[in-house]
Amino acid sequence: MNQDSECIIIFDTTLRDGEQCPGATLNMDEKLAIAKQLARLGVDVIEAGFAFASPGDFEAVNIIAQTVGTVDGPTICSLARARKEDIKAAADAIAPAVKGRIHTFIATSDIHLQYKLQKTRNEVIAIAEEMVAYAKTFTKDVEFSPEDAGRSDPEFLYQILEKVIEAGATTVNIPDTVGYTTPLEFGALIKGISNNVPNINQAIISVHGHNDLGLAVANFLEAVKNGARQLECTINGIGERAGNAALEELVMALYVRKQYFNPFLGRSADSEKPLTNVDTRQIYKTSRLVSNLTGLLVQPNKAIVGTNAFAHESGIHQDGVLKNKLTYEIMDAQSIGLTDNQIVLGKHSGRNAFRTRLGELGYELKDNELNKAFVRFKDVADKKKEISDWDLEAIVNDEIQQAPDLFRLNLVQVVCGCNSRATATITIYTPEGKELTDAAIGTGPVDAVYKAINRVVNVPNQLVEFSVKSVTAGIDAIGEVTIRLRYEDMVFSGHSANTDIIVASAQAYINSLNRLYSHLSNQRKQR
Ligand SMILES: CC(=O)SCCNC(=O)CCNC(=O)[C@H](O)C(C)(C)COP(=O)(O)OP(=O)(O)OC[C@H]1O[C@@H](n2cnc3c(N)ncnc32)[C@H](O)[C@@H]1OP(=O)(O)O
Ligand SMILES: CC(C)C(=O)C(=O)O
């Protein structure tokens, strides 16, 4: 075999098979950005496109070959049917790459021969041999795929593979084109090829597979155990129909279960040598780039790169992870380039996670305070899917650190609507017990109320967040207003709930101003 037989070659086909996914069309700049990131990720081969398919595809393969196919860069490959015009286009497109590969294919299953190609087995063998030899006139690196190998007669596969290797194919790729095989069948197919193709040691066995039954990655791992040394895959598993085997899943399976796979690659089980050249810390970034540029969203529960892949929401798991990550994590979030795992606070969370997050936000609560706040937290979590840090601050402030009652709202009244200027009148009792009334106009009723309050309270501040949401359902829902004010480098929050959102807005603002006012009074006393 002409490679380090103890290492797995990662062949990325995001830009070819991945782009065959409906709706995933990428422009030239986007393809180049992905190719550069794939090079940073450390894939060995980039299948940059199908040069004959269109002038745009030709140009993309060609520019990627020029830009990314450098001495230290990956091999740049173009797909080509077993036709001279396709192979010539592929050869021209990859020519600028230091390492260029032509990947030619022709189907071998009876159903494809009969209906699609309308050719006999002997005719297909002859075409394959001739086209591999033709490709070989352009580059020494030629890959051949018997399309739909998963449904092909293995005896026919042995024959055609022997012939194409004789003609110069350096990689023979076995595609489960329609995602039909099961892991043990696919493993047996690879083993059969290893044992029955006489000159197989002159080529690398590769696999390519689709996810029609969700088995592509499992099939590939079985293939590795039986002699496959190149895996064709895509970022986020995108590709034709249900997609291809996902690169991130394969690479991380080989990374996390290295000791399990080592012996199948002829290594001792405890060998520390990586099984692939991929820099796993680039995986998350690459996944985001591909998702953003193709517009294909990654499902939240997707292995490795889904937003929930390193998130824990339930109390028992959170408690375990906070005590030792290994209780519920088989890999570190940092190993794929995330900063850390995520403890998501929601209705299934427990006290340990709640206390820990509050601690991170700077709140040290006594046990009785924590219990009180925890009851309120569960109550809010029943109504909201996820609890943010600001919710937590509001809960603690409301339950534990009651806003000092300095300014008190007595009256708020607004006039607003179409063709009128929003006007607010407010009456407030000052900390000294004086009753003050003032009015202001604003861009809307809340703005007018806040301006009127500012005229009375006169504490400079910057409003950094105003949010209103309904806690209960229906037209008479309770509106919950949360605001945050900045004064110098400090933030003061205020929270209030009322069926009248203007009243809730005014009260939330007064609550936050009271916190700020109290802070300023304390500062004055300390001087
Ligand atoms: C399993 C895979 O993913 S294979 C890759 C699939 N990707 C693509 O098809 C994307 C790019 N394809 C294209 O742009 C176009 O299909 C082209 C430019 C390649 C060909 O377009 P057209 O000339 O209009 O042919 P069309 O797509 O309608 O039909 C395919 C032809 O190729 C033949 N063909 C299919 N596979 C092969 C092959 N591997 N080798 C030789 N001929 C083949 C078919 O029998 C058919 O021939 P026919 O026209 O004589 O009946
Ligand atoms: C061209 C081959 C490798 C392919 O994409 C498939 O069979 O799915």
# chains A, B, ... in the order shown; residues from 1 in each chain; ligands from 1
call {"tool": "residues_near_ligand", "arguments": {"ligand": "ligand 2", "cutoff": "9 Å", "atoms": "only C-alpha atoms and all ligand atoms", "output": "NGL selection string"}}
result
:A and (13 or 16-17 or 79-81 or 103-107 or 144-149 or 173-179 or 207-210 or 232 or 240 or 244)
call {"tool": "select_by_dssp", "arguments": {"residues": "region 58-132 of chain A", "states": "alpha helix (DSSP H)", "output": "JSON, numbers by chain"}}
result
{"A": [58, 59, 60, 61, 62, 63, 64, 65, 66, 67, 84, 85, 86, 87, 88, 89, 90, 91, 92, 93, 94, 110, 111, 121, 122, 123, 124, 125, 126, 127, 128, 129, 130, 131, 132]}
call {"tool": "residues_around", "arguments": {"residues": "region 59-73 of chain A", "least_positions_apart": "2", "cutoff": "7 Å", "atoms": "only C-alpha atoms", "output": "PyMOL selection string"}}
result
chain A and resi 28+31-32+35-36+39+48-49+51+55-57+75-76+78+93-94+96-99
call {"tool": "closest_residue", "arguments": {"among": "A:Gly42, A:Pro300, A:Gly417, A:Gly239", "to": "ligand 1", "atoms": "only C-alpha atoms and all ligand atoms"}}
result
A:Gly239
call {"tool": "decode", "arguments": {"residues": "region 411-424 of chain A", "atoms": "C-alpha atoms", "output": "short mmCIF file (atom, residue, chain, number, x, y, z; two decimals), in the first residue's frame"}}
result
data_model
loop_
_atom_site.label_atom_id
_atom_site.label_comp_id
_atom_site.auth_asym_id
_atom_site.auth_seq_id
_atom_site.Cartn_x
_atom_site.Cartn_y
_atom_site.Cartn_z
CA LEU A 411 -49.61 57.98 39.25
CA VAL A 412 -48.79 57.30 35.64
CA GLN A 413 -51.01 58.40 32.82
CA VAL A 414 -50.34 58.41 29.09
CA VAL A 415 -51.97 59.80 25.99
CA CYS A 416 -50.85 58.23 22.75
CA GLY A 417 -52.11 56.92 19.43
CA CYS A 418 -52.21 57.69 15.75
CA ASN A 419 -51.74 61.39 14.83
CA SER A 420 -50.93 62.35 18.41
CA ARG A 421 -47.72 62.91 20.33
CA ALA A 422 -47.17 60.41 23.13
CA THR A 423 -47.45 62.37 26.38
CA ALA A 424 -46.97 61.05 29.91
#
